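Here's upload.cif, which has mmCIF, C-alpha atoms and all ligand atoms:
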data_my_file
#
loop_
_atom_site.label_atom_id
_atom_site.label_comp_id
_atom_site.auth_asym_id
_atom_site.auth_seq_id
_atom_site.Cartn_x
_atom_site.Cartn_y
_atom_site.Cartn_z
CA MET A 1 235.43 85.79 119.58
CA ALA A 2 236.37 82.31 120.81
CA ASP A 3 237.49 81.99 124.39
CA SER A 4 241.30 81.99 124.52
CA ILE A 5 241.23 79.46 127.37
CA LEU A 6 238.96 76.43 127.43
CA LEU A 7 238.31 74.71 130.74
CA ASP A 8 236.66 71.35 131.15
CA ILE A 9 236.19 69.77 134.54
CA ALA A 10 234.92 66.20 134.45
CA GLY A 11 234.94 64.47 137.78
CA ASP A 12 238.47 64.59 139.18
CA ILE A 13 240.12 65.61 135.92
CA ALA A 14 240.53 69.22 134.81
CA ARG A 15 241.63 70.10 131.29
CA ILE A 16 242.81 73.49 130.18
CA THR A 17 243.26 74.13 126.46
CA LEU A 18 245.18 77.17 125.23
CA ASN A 19 242.90 78.32 122.45
CA ARG A 20 244.25 80.90 120.03
CA PRO A 21 245.21 78.39 117.35
CA ASP A 22 245.60 80.96 114.56
CA LYS A 23 248.41 82.57 116.59
CA LEU A 24 249.83 79.26 117.84
CA ASN A 25 248.22 79.94 121.23
CA SER A 26 250.61 82.81 121.99
CA PHE A 27 249.76 84.72 125.14
CA THR A 28 247.97 88.03 125.36
CA ALA A 29 247.29 89.78 128.66
CA ALA A 30 243.62 88.85 128.35
CA MET A 31 244.55 85.20 127.87
CA HIS A 32 246.73 85.28 130.98
CA GLY A 33 243.74 86.61 132.89
CA ARG A 34 241.52 83.84 131.57
CA LEU A 35 244.10 81.23 132.45
CA ALA A 36 244.46 82.54 136.00
CA ALA A 37 240.67 82.41 136.38
CA ALA A 38 240.59 78.85 135.02
CA LEU A 39 243.24 77.79 137.52
CA ASP A 40 241.12 79.37 140.29
CA GLN A 41 238.26 77.13 139.19
CA VAL A 42 240.47 74.06 139.09
CA GLU A 43 241.65 74.68 142.63
CA ALA A 44 238.11 75.40 143.85
CA ALA A 45 236.88 72.16 142.26
CA ARG A 46 239.68 70.25 144.01
CA THR A 47 240.27 68.01 141.04
CA ARG A 48 243.02 65.39 141.30
CA VAL A 49 244.83 65.99 138.03
CA LEU A 50 245.21 68.85 135.58
CA VAL A 51 245.90 68.47 131.86
CA VAL A 52 247.19 71.45 129.89
CA THR A 53 247.36 71.33 126.12
CA GLY A 54 246.99 73.54 123.07
CA ALA A 55 244.38 73.83 120.33
CA GLY A 56 245.34 73.44 116.70
CA ARG A 57 248.82 72.74 115.39
CA GLY A 58 250.79 74.46 118.15
CA PHE A 59 251.10 74.16 121.90
CA CYS A 60 252.11 77.76 122.62
CA ALA A 61 254.41 80.27 120.90
CA GLY A 62 255.02 82.28 124.07
CA GLN A 63 254.23 85.95 124.28
CA ASP A 64 252.06 87.39 121.52
CA LEU A 65 254.61 89.68 119.89
CA SER A 66 252.06 91.74 118.02
CA ASP A 67 251.54 94.11 120.95
CA ARG A 68 255.17 94.61 121.81
CA ALA A 69 257.49 97.59 121.32
CA ALA A 70 258.38 96.67 117.75
CA ALA A 71 254.87 97.39 116.53
CA PRO A 72 254.71 100.75 114.69
CA GLY A 73 253.93 103.55 117.14
CA ALA A 74 253.78 101.27 120.15
CA ALA A 75 255.17 102.50 123.44
CA PRO A 76 257.93 100.37 124.95
CA VAL A 77 256.63 97.73 127.30
CA ASP A 78 258.24 97.05 130.67
CA LEU A 79 258.96 93.36 130.19
CA GLY A 80 259.96 92.98 133.83
CA HIS A 81 256.49 94.12 134.77
CA THR A 82 254.73 91.74 132.40
CA ILE A 83 256.86 88.83 133.57
CA GLU A 84 256.20 89.68 137.20
CA THR A 85 252.48 90.14 136.55
CA TYR A 86 251.78 87.19 134.26
CA TYR A 87 254.49 84.64 133.54
CA ASN A 88 256.10 84.22 136.94
CA PRO A 89 252.80 83.74 138.80
CA LEU A 90 251.71 81.19 136.19
CA VAL A 91 254.87 79.09 136.51
CA ARG A 92 254.80 79.33 140.30
CA ARG A 93 251.18 78.29 140.32
CA LEU A 94 251.61 75.24 138.11
CA ARG A 95 254.53 74.12 140.25
CA ALA A 96 252.61 74.61 143.50
CA LEU A 97 249.33 72.95 142.47
CA ALA A 98 248.66 70.07 144.86
CA MET A 99 247.97 67.67 141.99
CA PRO A 100 249.98 66.35 139.07
CA VAL A 101 250.00 68.56 136.00
CA ILE A 102 250.21 66.73 132.68
CA VAL A 103 251.29 68.90 129.78
CA GLY A 104 250.37 67.55 126.37
CA VAL A 105 252.63 69.30 123.88
CA ASN A 106 250.63 68.86 120.71
CA GLY A 107 252.84 71.04 118.51
CA VAL A 108 255.47 73.72 118.62
CA ALA A 109 256.31 75.10 122.08
CA ALA A 110 258.36 78.27 121.71
CA GLY A 111 259.60 81.01 124.02
CA ALA A 112 257.65 81.16 127.25
CA GLY A 113 255.42 78.47 125.75
CA ALA A 114 258.29 75.99 125.95
CA ASN A 115 259.10 76.83 129.54
CA ILE A 116 255.49 76.84 130.69
CA ALA A 117 255.35 73.30 129.28
CA LEU A 118 258.43 72.36 131.29
CA ALA A 119 256.71 73.61 134.46
CA GLY A 120 254.42 70.59 134.19
CA ASP A 121 255.08 67.42 136.14
CA LEU A 122 254.66 64.99 133.26
CA VAL A 123 255.32 66.43 129.83
CA ILE A 124 254.25 64.29 126.87
CA ALA A 125 254.91 65.53 123.38
CA ALA A 126 253.62 64.46 120.00
CA ARG A 127 256.32 63.39 117.55
CA SER A 128 255.73 66.50 115.43
CA ALA A 129 256.13 68.87 118.40
CA LYS A 130 259.22 71.04 118.74
CA PHE A 131 260.75 72.92 121.64
CA ILE A 132 262.35 76.26 120.84
CA GLN A 133 264.03 78.64 123.27
CA ALA A 134 263.17 81.33 120.74
CA PHE A 135 264.05 84.24 123.01
CA CYS A 136 267.52 84.96 121.62
CA ARG A 137 266.03 85.21 118.13
CA ILE A 138 264.30 88.43 119.22
CA GLY A 139 266.95 89.86 121.54
CA LEU A 140 265.71 88.33 124.80
CA MET A 141 266.80 85.63 127.20
CA PRO A 142 264.78 82.63 128.42
CA ASP A 143 262.19 83.47 131.04
CA SER A 144 259.31 81.60 132.69
CA GLY A 145 261.90 79.48 134.49
CA GLY A 146 263.86 78.45 131.40
CA THR A 147 267.28 79.22 132.87
CA TRP A 148 266.30 77.14 135.92
CA PHE A 149 264.56 74.20 134.23
CA LEU A 150 266.96 73.65 131.35
CA PRO A 151 270.25 72.98 133.18
CA ARG A 152 268.47 70.78 135.70
CA LEU A 153 266.67 68.74 133.08
CA VAL A 154 269.30 68.37 130.36
CA GLY A 155 272.56 69.53 131.97
CA PRO A 156 274.53 72.76 131.53
CA ALA A 157 276.03 72.05 128.10
CA ARG A 158 272.71 71.27 126.42
CA ALA A 159 270.98 74.08 128.32
CA ALA A 160 273.54 76.54 126.97
CA GLY A 161 273.15 75.22 123.44
CA LEU A 162 269.37 75.45 123.55
CA ALA A 163 269.28 78.93 125.10
CA LEU A 164 272.15 80.50 123.14
CA LEU A 165 271.28 79.10 119.74
CA GLY A 166 267.47 79.14 119.90
CA GLU A 167 267.37 76.14 117.60
CA SER A 168 264.43 73.81 117.29
CA LEU A 169 264.61 70.60 119.35
CA THR A 170 262.48 67.71 118.13
CA ALA A 171 260.19 65.89 120.53
CA ALA A 172 262.20 62.72 120.01
CA GLN A 173 265.42 64.50 120.97
CA ALA A 174 263.68 66.19 123.92
CA ALA A 175 262.63 62.77 125.23
CA GLN A 176 266.07 61.30 124.62
CA TRP A 177 267.71 64.19 126.51
CA GLY A 178 265.32 63.90 129.45
CA LEU A 179 263.71 67.29 128.84
CA ILE A 180 260.30 65.64 128.84
CA TRP A 181 258.70 62.44 130.14
CA LYS A 182 257.98 60.88 126.76
CA MET A 183 257.26 61.33 123.07
CA VAL A 184 254.39 59.55 121.38
CA GLU A 185 253.11 59.40 117.83
CA ASP A 186 250.85 62.33 116.92
CA ASP A 187 247.70 60.24 116.68
CA ALA A 188 248.42 58.59 120.04
CA LEU A 189 248.81 61.80 122.06
CA ALA A 190 245.18 62.33 123.06
CA GLY A 191 244.71 58.71 124.10
CA GLU A 192 247.98 58.70 126.02
CA ILE A 193 246.99 61.82 127.93
CA ASP A 194 243.49 60.50 128.66
CA ALA A 195 244.90 57.22 129.99
CA LEU A 196 247.48 58.97 132.13
CA ALA A 197 244.94 61.43 133.52
CA ALA A 198 242.50 58.63 134.30
CA HIS A 199 245.26 56.72 136.07
CA LEU A 200 246.43 59.70 138.14
CA ALA A 201 242.88 60.67 139.08
CA VAL A 202 242.46 57.50 141.14
CA GLN A 203 245.87 57.58 142.80
CA PRO A 204 246.56 58.86 146.35
CA THR A 205 246.52 62.55 145.49
CA ARG A 206 248.06 63.74 148.74
CA ALA A 207 250.99 61.40 148.20
CA LEU A 208 251.42 62.62 144.62
CA ALA A 209 251.35 66.23 145.83
CA ALA A 210 254.00 65.40 148.44
CA ILE A 211 256.16 63.68 145.81
CA LYS A 212 255.84 66.71 143.55
CA ALA A 213 256.75 69.12 146.35
CA ALA A 214 259.71 67.04 147.56
CA LEU A 215 261.17 66.57 144.08
CA GLN A 216 261.03 70.29 143.43
CA VAL A 217 262.76 71.25 146.66
CA SER A 218 265.40 68.54 146.18
CA TRP A 219 267.05 70.69 143.54
CA SER A 220 268.06 73.24 146.14
CA ASN A 221 268.16 71.12 149.32
CA GLY A 222 271.16 69.24 150.66
CA LEU A 223 270.67 65.57 151.57
CA ASP A 224 270.15 66.31 155.27
CA ALA A 225 267.42 68.83 154.59
CA GLN A 226 265.81 66.49 152.11
CA LEU A 227 265.83 63.59 154.57
CA ASP A 228 264.13 65.83 157.12
CA LEU A 229 261.56 66.92 154.57
CA GLU A 230 260.80 63.32 153.59
CA ARG A 231 260.31 62.47 157.24
CA ASP A 232 257.86 65.33 157.73
CA LEU A 233 255.90 64.70 154.56
CA GLN A 234 255.78 60.95 155.21
CA ARG A 235 254.52 61.63 158.72
CA GLY A 236 251.62 63.57 157.25
CA LEU A 237 250.89 60.89 154.67
CA GLY A 238 250.97 58.21 157.35
CA ALA A 239 247.92 59.84 158.90
CA SER A 240 246.00 59.94 155.61
CA ALA A 241 242.97 57.85 154.73
CA ASP A 242 244.61 56.86 151.44
CA TYR A 243 247.59 55.36 153.23
CA ARG A 244 245.29 53.28 155.43
CA GLU A 245 243.37 52.22 152.35
CA GLY A 246 246.57 51.35 150.47
CA VAL A 247 247.86 49.11 153.24
CA THR A 248 244.46 47.51 153.85
CA ALA A 249 244.02 46.80 150.16
CA PHE A 250 247.46 45.20 150.01
CA ILE A 251 246.68 42.95 152.97
CA GLU A 252 243.28 42.06 151.54
CA LYS A 253 244.84 41.44 148.10
CA ARG A 254 242.52 43.85 146.31
CA LYS A 255 242.84 47.05 144.29
CA PRO A 256 242.97 50.15 146.52
CA ASP A 257 240.14 52.66 146.35
CA PHE A 258 242.00 55.92 146.87
CA ARG A 259 239.87 58.99 147.49
CA GLY A 260 242.60 61.62 147.51
CA ALA A 261 242.25 62.26 151.22
O1 LIG A 301 256.94 90.32 126.22
C1 LIG A 301 256.96 89.96 127.39
O2 LIG A 301 255.99 90.13 128.16
C2 LIG A 301 258.17 89.25 127.92
C3 LIG A 301 257.95 87.80 127.89
C4 LIG A 301 258.35 87.11 126.82
C5 LIG A 301 258.07 85.67 126.73
C6 LIG A 301 258.25 85.10 125.35
O3 LIG A 301 257.64 84.13 125.08
S1 LIG A 301 259.32 85.88 124.28
C7 LIG A 301 259.28 84.78 122.88
C8 LIG A 301 258.07 85.00 122.03
N1 LIG A 301 257.86 83.97 121.04
C9 LIG A 301 258.60 83.87 119.92
O4 LIG A 301 259.52 84.59 119.70
C10 LIG A 301 258.16 82.80 118.94
C11 LIG A 301 257.59 83.49 117.72
N2 LIG A 301 257.07 82.50 116.79
C12 LIG A 301 257.88 81.79 115.98
O5 LIG A 301 259.08 81.92 115.99
C13 LIG A 301 257.19 80.86 115.03
O6 LIG A 301 255.84 81.23 114.91
C14 LIG A 301 257.27 79.40 115.47
C15 LIG A 301 258.70 78.88 115.33
C16 LIG A 301 256.78 79.22 116.91
C17 LIG A 301 256.35 78.54 114.54
O7 LIG A 301 256.70 78.80 113.21
P1 LIG A 301 255.69 78.33 112.04
O8 LIG A 301 256.38 78.63 110.75
O9 LIG A 301 255.25 76.94 112.31
O10 LIG A 301 254.38 79.22 112.22
P2 LIG A 301 254.19 80.77 111.84
O11 LIG A 301 253.74 80.90 110.44
O12 LIG A 301 255.41 81.55 112.21
O13 LIG A 301 253.04 81.22 112.85
C18 LIG A 301 251.67 80.94 112.55
C19 LIG A 301 250.89 82.18 112.92
O14 LIG A 301 251.05 82.43 114.32
C20 LIG A 301 251.43 83.42 112.22
O15 LIG A 301 250.34 84.31 112.07
P3 LIG A 301 249.77 84.63 110.57
O16 LIG A 301 250.91 85.19 109.78
O17 LIG A 301 249.29 83.31 110.03
O18 LIG A 301 248.66 85.60 110.82
C21 LIG A 301 252.36 84.00 113.23
O19 LIG A 301 252.57 85.38 113.09
C22 LIG A 301 251.60 83.71 114.51
N3 LIG A 301 252.48 83.68 115.67
C23 LIG A 301 253.35 82.70 116.01
N4 LIG A 301 253.98 83.03 117.11
C24 LIG A 301 253.50 84.22 117.50
C25 LIG A 301 252.56 84.65 116.59
N5 LIG A 301 251.91 85.80 116.70
C26 LIG A 301 252.23 86.59 117.75
N6 LIG A 301 253.14 86.25 118.68
C27 LIG A 301 253.79 85.08 118.59
N7 LIG A 301 254.67 84.73 119.55
#
Could you spell out this file's structure in structure tokens?
Ligand code: T3D
Amino acid sequence: MADSILLDIAGDIARITLNRPDKLNSFTAAMHGRLAAALDQVEAARTRVLVVTGAGRGFCAGQDLSDRAAAPGAAPVDLGHTIETYYNPLVRRLRALAMPVIVGVNGVAAGAGANIALAGDLVIAARSAKFIQAFCRIGLMPDSGGTWFLPRLVGPARAAGLALLGESLTAAQAAQWGLIWKMVEDDALAGEIDALAAHLAVQPTRALAAIKAALQVSWSNGLDAQLDLERDLQRGLGASADYREGVTAFIEKRKPDFRGA
């Protein structure tokens, strides 16, 4: 059986591919385990950027529903337990990774699959991709951070529409609404992701991690707390080798050689 998670680490760039294409890369418990192990490897390798994408025509259709309570004879599953065990740690982990996470949404992203995509820092979708808060179609509510990401990204009215109606949102509309960073033509997605990953891999990684952390906290901080946080993070960055290199390169009118330190 093919591995449900593919991991490729090449230099400073890690790529994780969700790989159950025949089931639109929907999550099983085993796949969650493989993904957690892959993220362990990414962190151990200290890469400077992570790309997450899906194999085949879908990005991820959320939880694999074939082993849930509706299956004939199946015992009810404690969904709170599975969310606590699998989905919440995954979203927290992607948000906390000290490197930018690019999510390449190559096709439909539904249920938890949509919200795991939104946990990325830069979400790029192919024109044919769709985002579906499919939860209400099966008697559930958005999880994996959906009720937190959606109102912040697209505002309360659109968040309510997406979550309550469970309708399909095109990639073009998602980009127009600010749900994602950008939409590109299907045949341009791989090249766009490669170029972005290559760019980010030679940027000052500590600064990017600080930007990521500060932007996340800004959603709950007041201005005073955020100003204090910026001061503290900037103090740390001011002592970094990459900052010294950035300033030196500017003075010497050359391209900086950032090492991520
Ligand atoms: O349970 C817990 O632990 C709580 C956590 C829940 C988190 C969640 O994610 S709940 C939401 C779960 N996801 C869904 O409800 C989405 C279900 N899928 C769909 O609605 C549709 O597949 C799509 C709209 C995403 C795509 O539609 P379409 O027509 O392009 O493809 P398809 O024909 O429906 O799917 C292709 C195959 O993938 C098909 O298998 P088959 O018939 O060819 O053997 C289909 O059954 C399978 N598939 C798609 N999504 C899932 C799935 N199999 C299992 N689980 C899925 N989620």
> Do you know which residues are within 7 Å of ligand LIG 301 (chain A) using all atoms listed in the file? Can you write them as JSON, numbers by chain?
Replying inline: {"A": [22, 23, 24, 26, 61, 62, 63, 64, 65, 66, 68, 79, 82, 83, 108, 109, 110, 111, 112, 113, 134, 135, 137, 138, 140, 143]}
Based on the selection just made, write C-alpha atoms of those residues as a PDB file, in the coordinates of the input.
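Listed below is the output, out35.pdb:
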ATOM      1  CA  ASP A  22     245.600  80.960 114.560  1.00  0.00           C
ATOM      2  CA  LYS A  23     248.410  82.570 116.590  1.00  0.00           C
ATOM      3  CA  LEU A  24     249.830  79.260 117.840  1.00  0.00           C
ATOM      4  CA  SER A  26     250.610  82.810 121.990  1.00  0.00           C
ATOM      5  CA  ALA A  61     254.410  80.270 120.900  1.00  0.00           C
ATOM      6  CA  GLY A  62     255.020  82.280 124.070  1.00  0.00           C
ATOM      7  CA  GLN A  63     254.230  85.950 124.280  1.00  0.00           C
ATOM      8  CA  ASP A  64     252.060  87.390 121.520  1.00  0.00           C
ATOM      9  CA  LEU A  65     254.610  89.680 119.890  1.00  0.00           C
ATOM     10  CA  SER A  66     252.060  91.740 118.020  1.00  0.00           C
ATOM     11  CA  ARG A  68     255.170  94.610 121.810  1.00  0.00           C
ATOM     12  CA  LEU A  79     258.960  93.360 130.190  1.00  0.00           C
ATOM     13  CA  THR A  82     254.730  91.740 132.400  1.00  0.00           C
ATOM     14  CA  ILE A  83     256.860  88.830 133.570  1.00  0.00           C
ATOM     15  CA  VAL A 108     255.470  73.720 118.620  1.00  0.00           C
ATOM     16  CA  ALA A 109     256.310  75.100 122.080  1.00  0.00           C
ATOM     17  CA  ALA A 110     258.360  78.270 121.710  1.00  0.00           C
ATOM     18  CA  GLY A 111     259.600  81.010 124.020  1.00  0.00           C
ATOM     19  CA  ALA A 112     257.650  81.160 127.250  1.00  0.00           C
ATOM     20  CA  GLY A 113     255.420  78.470 125.750  1.00  0.00           C
ATOM     21  CA  ALA A 134     263.170  81.330 120.740  1.00  0.00           C
ATOM     22  CA  PHE A 135     264.050  84.240 123.010  1.00  0.00           C
ATOM     23  CA  ARG A 137     266.030  85.210 118.130  1.00  0.00           C
ATOM     24  CA  ILE A 138     264.300  88.430 119.220  1.00  0.00           C
ATOM     25  CA  LEU A 140     265.710  88.330 124.800  1.00  0.00           C
ATOM     26  CA  ASP A 143     262.190  83.470 131.040  1.00  0.00           C
TER      27      ASP A 143
END
Would you mind listing, for every residue of segment 6-123 of chain A within 6 Å of segment 188-211 of chain A, the two atoms forming the shortest contact and the distance between them in Å to one decimal, using all atoms listed in the file, sorted by chain and ascending residue number, as a Markdown table?
| residue | atom | partner | partner_atom | distance |
| --- | --- | --- | --- | --- |
| A:Asp12 | CA | A:Ala201 | CA | 5.9 |
| A:Arg48 | CA | A:Ala201 | CA | 5.2 |
| A:Val49 | CA | A:Ala201 | CA | 5.8 |
| A:Ala98 | CA | A:Ala209 | CA | 4.8 |
| A:Met99 | CA | A:Ala209 | CA | 5.3 |
Store the residues picked out above in a file with C-alpha atoms, as a short mmCIF file (atom, residue, chain, number, x, y, z; two decimals), in the coordinates of the input.
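part32.cif was written with the following content:
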data_model
loop_
_atom_site.label_atom_id
_atom_site.label_comp_id
_atom_site.auth_asym_id
_atom_site.auth_seq_id
_atom_site.Cartn_x
_atom_site.Cartn_y
_atom_site.Cartn_z
CA ASP A 12 238.47 64.59 139.18
CA ARG A 48 243.02 65.39 141.30
CA VAL A 49 244.83 65.99 138.03
CA ALA A 98 248.66 70.07 144.86
CA MET A 99 247.97 67.67 141.99
#
> Need the neighbours of (265.0, 81.0, 127.1): which residues are at most 12 Å away, counting only C-alpha atoms, as a PyMOL selection string?
Replying inline: chain A and resi 62+109-116+118+131-151+159-167
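Distances from A:Leu97, A:Ile102, A:Ala36, A:Ala75 to Val52 of chain A were compared using all atoms listed in the file, and the smallest one belongs to A:Ile102.
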Val51 of chain A environment, 8 Å, all atoms listed in the file, sequence neighbours closer than 6 positions dropped, as a CSV table (one decimal) with C-alpha atoms, in the frame of the given file:
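part.csv was written with the following content:
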chain,number,residue,atom,x,y,z
A,13,ILE,CA,240.1,65.6,135.9
A,14,ALA,CA,240.5,69.2,134.8
A,15,ARG,CA,241.6,70.1,131.3
A,16,ILE,CA,242.8,73.5,130.2
A,101,VAL,CA,250.0,68.6,136.0
A,102,ILE,CA,250.2,66.7,132.7
A,103,VAL,CA,251.3,68.9,129.8
A,104,GLY,CA,250.4,67.6,126.4
A,193,ILE,CA,247.0,61.8,127.9
A,197,ALA,CA,244.9,61.4,133.5
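The residues that lie within 10 Å of the point (242.1, 50.5, 144.8), counting only C-alpha atoms, are A:Val202, A:Gln203, A:Pro204, A:Asp242, A:Glu245, A:Gly246, A:Thr248, A:Ala249, A:Phe250, A:Arg254, A:Lys255, A:Pro256, A:Asp257, A:Phe258, A:Arg259.
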> Counting all atoms listed in the file, what is within 12 Å of Asp40 of chain A, bar same-chain residues fewer than 3 positions away, as a list in words?
Replying inline: Leu7, Ala14, Ile16, Gly33, Arg34, Leu35, Ala36, Ala37, Glu43, Ala44, Ala45, Arg46, Thr47, Leu90, Arg93, Leu94 and Leu97 of chain A
Would you save the residues from that selection as a compact mmCIF listing (two decimals), in the frame of the given file, using C-alpha atoms?
# COMPACT_ATOMS: atom_id res chain seq x y z
CA LEU A 7 238.31 74.71 130.74
CA ALA A 14 240.53 69.22 134.81
CA ILE A 16 242.81 73.49 130.18
CA GLY A 33 243.74 86.61 132.89
CA ARG A 34 241.52 83.84 131.57
CA LEU A 35 244.10 81.23 132.45
CA ALA A 36 244.46 82.54 136.00
CA ALA A 37 240.67 82.41 136.38
CA GLU A 43 241.65 74.68 142.63
CA ALA A 44 238.11 75.40 143.85
CA ALA A 45 236.88 72.16 142.26
CA ARG A 46 239.68 70.25 144.01
CA THR A 47 240.27 68.01 141.04
CA LEU A 90 251.71 81.19 136.19
CA ARG A 93 251.18 78.29 140.32
CA LEU A 94 251.61 75.24 138.11
CA LEU A 97 249.33 72.95 142.47
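For the atom pair formed by atom CA of Ala171 of chain A and atom CA of Val123 of chain A, the distance is 10.5 Å, given to one decimal.
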> Please, what distance in Å, to one decimal, runs between atom CA of Gly11 of chain A and atom CA of Ala241 of chain A?
Replying inline: 19.9 Å
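Going from atom CA of Ala71 of chain A over to atom CA of Ala29 of chain A, you cover 16.2 Å.
Nearest residue to Ile124 of chain A, choosing from A:Arg244, A:Arg57, A:Lys212, A:Lys182 and counting all atoms listed in the file: A:Lys182.
Closest approach to Ile180 of chain A among A:Leu18, A:Ala157, A:Lys130, A:Asp67: A:Lys130, based on all atoms listed in the file.
Taking all atoms listed in the file into account, Ala96 of chain A lies nearest to A:Ala213 out of the set A:Val247, A:Met183, A:Ala213, A:Leu233.
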Could you model all heavy atoms for segment 198-205 of chain A and present them as a PDB file, keeping the file's coordinate frame?
ATOM      1  N   ALA A 198     243.416  59.552 133.621  1.00  0.00           N
ATOM      2  CA  ALA A 198     242.500  58.630 134.300  1.00  0.00           C
ATOM      3  C   ALA A 198     243.248  57.840 135.379  1.00  0.00           C
ATOM      4  O   ALA A 198     242.718  57.604 136.469  1.00  0.00           O
ATOM      5  CB  ALA A 198     241.868  57.679 133.287  1.00  0.00           C
ATOM      6  N   HIS A 199     244.457  57.446 135.080  1.00  0.00           N
ATOM      7  CA  HIS A 199     245.260  56.720 136.070  1.00  0.00           C
ATOM      8  C   HIS A 199     245.544  57.611 137.289  1.00  0.00           C
ATOM      9  O   HIS A 199     245.318  57.215 138.439  1.00  0.00           O
ATOM     10  CB  HIS A 199     246.574  56.259 135.438  1.00  0.00           C
ATOM     11  CG  HIS A 199     247.572  55.752 136.436  1.00  0.00           C
ATOM     12  ND1 HIS A 199     247.519  54.478 136.959  1.00  0.00           N
ATOM     13  CD2 HIS A 199     248.627  56.364 137.042  1.00  0.00           C
ATOM     14  CE1 HIS A 199     248.501  54.323 137.838  1.00  0.00           C
ATOM     15  NE2 HIS A 199     249.185  55.449 137.905  1.00  0.00           N
ATOM     16  N   LEU A 200     246.029  58.819 137.027  1.00  0.00           N
ATOM     17  CA  LEU A 200     246.430  59.700 138.140  1.00  0.00           C
ATOM     18  C   LEU A 200     245.230  60.120 138.986  1.00  0.00           C
ATOM     19  O   LEU A 200     245.372  60.352 140.195  1.00  0.00           O
ATOM     20  CB  LEU A 200     247.149  60.929 137.595  1.00  0.00           C
ATOM     21  CG  LEU A 200     248.537  60.662 136.998  1.00  0.00           C
ATOM     22  CD1 LEU A 200     249.050  61.902 136.268  1.00  0.00           C
ATOM     23  CD2 LEU A 200     249.528  60.242 138.082  1.00  0.00           C
ATOM     24  N   ALA A 201     244.067  60.194 138.366  1.00  0.00           N
ATOM     25  CA  ALA A 201     242.880  60.670 139.080  1.00  0.00           C
ATOM     26  C   ALA A 201     242.406  59.695 140.156  1.00  0.00           C
ATOM     27  O   ALA A 201     241.606  60.066 141.023  1.00  0.00           O
ATOM     28  CB  ALA A 201     241.747  60.947 138.096  1.00  0.00           C
ATOM     29  N   VAL A 202     242.875  58.468 140.114  1.00  0.00           N
ATOM     30  CA  VAL A 202     242.460  57.500 141.140  1.00  0.00           C
ATOM     31  C   VAL A 202     243.664  57.069 142.000  1.00  0.00           C
ATOM     32  O   VAL A 202     243.616  56.035 142.661  1.00  0.00           O
ATOM     33  CB  VAL A 202     241.764  56.265 140.531  1.00  0.00           C
ATOM     34  CG1 VAL A 202     240.449  56.691 139.879  1.00  0.00           C
ATOM     35  CG2 VAL A 202     242.656  55.552 139.510  1.00  0.00           C
ATOM     36  N   GLN A 203     244.695  57.854 141.956  1.00  0.00           N
ATOM     37  CA  GLN A 203     245.870  57.580 142.800  1.00  0.00           C
ATOM     38  C   GLN A 203     245.745  58.388 144.106  1.00  0.00           C
ATOM     39  O   GLN A 203     244.899  59.264 144.233  1.00  0.00           O
ATOM     40  CB  GLN A 203     247.148  57.956 142.041  1.00  0.00           C
ATOM     41  CG  GLN A 203     247.377  57.122 140.782  1.00  0.00           C
ATOM     42  CD  GLN A 203     247.333  55.634 141.070  1.00  0.00           C
ATOM     43  OE1 GLN A 203     248.074  55.126 141.911  1.00  0.00           O
ATOM     44  NE2 GLN A 203     246.436  54.916 140.400  1.00  0.00           N
ATOM     45  N   PRO A 204     246.610  58.110 145.075  1.00  0.00           N
ATOM     46  CA  PRO A 204     246.560  58.860 146.350  1.00  0.00           C
ATOM     47  C   PRO A 204     247.080  60.278 146.154  1.00  0.00           C
ATOM     48  O   PRO A 204     248.285  60.515 146.215  1.00  0.00           O
ATOM     49  CB  PRO A 204     247.448  58.025 147.274  1.00  0.00           C
ATOM     50  CG  PRO A 204     248.363  57.275 146.373  1.00  0.00           C
ATOM     51  CD  PRO A 204     247.620  57.041 145.096  1.00  0.00           C
ATOM     52  N   THR A 205     246.162  61.199 145.921  1.00  0.00           N
ATOM     53  CA  THR A 205     246.520  62.550 145.490  1.00  0.00           C
ATOM     54  C   THR A 205     247.436  63.270 146.473  1.00  0.00           C
ATOM     55  O   THR A 205     248.352  63.995 146.073  1.00  0.00           O
ATOM     56  CB  THR A 205     245.231  63.377 145.264  1.00  0.00           C
ATOM     57  OG1 THR A 205     244.349  62.603 144.436  1.00  0.00           O
ATOM     58  CG2 THR A 205     245.522  64.692 144.584  1.00  0.00           C
TER      59      THR A 205
END
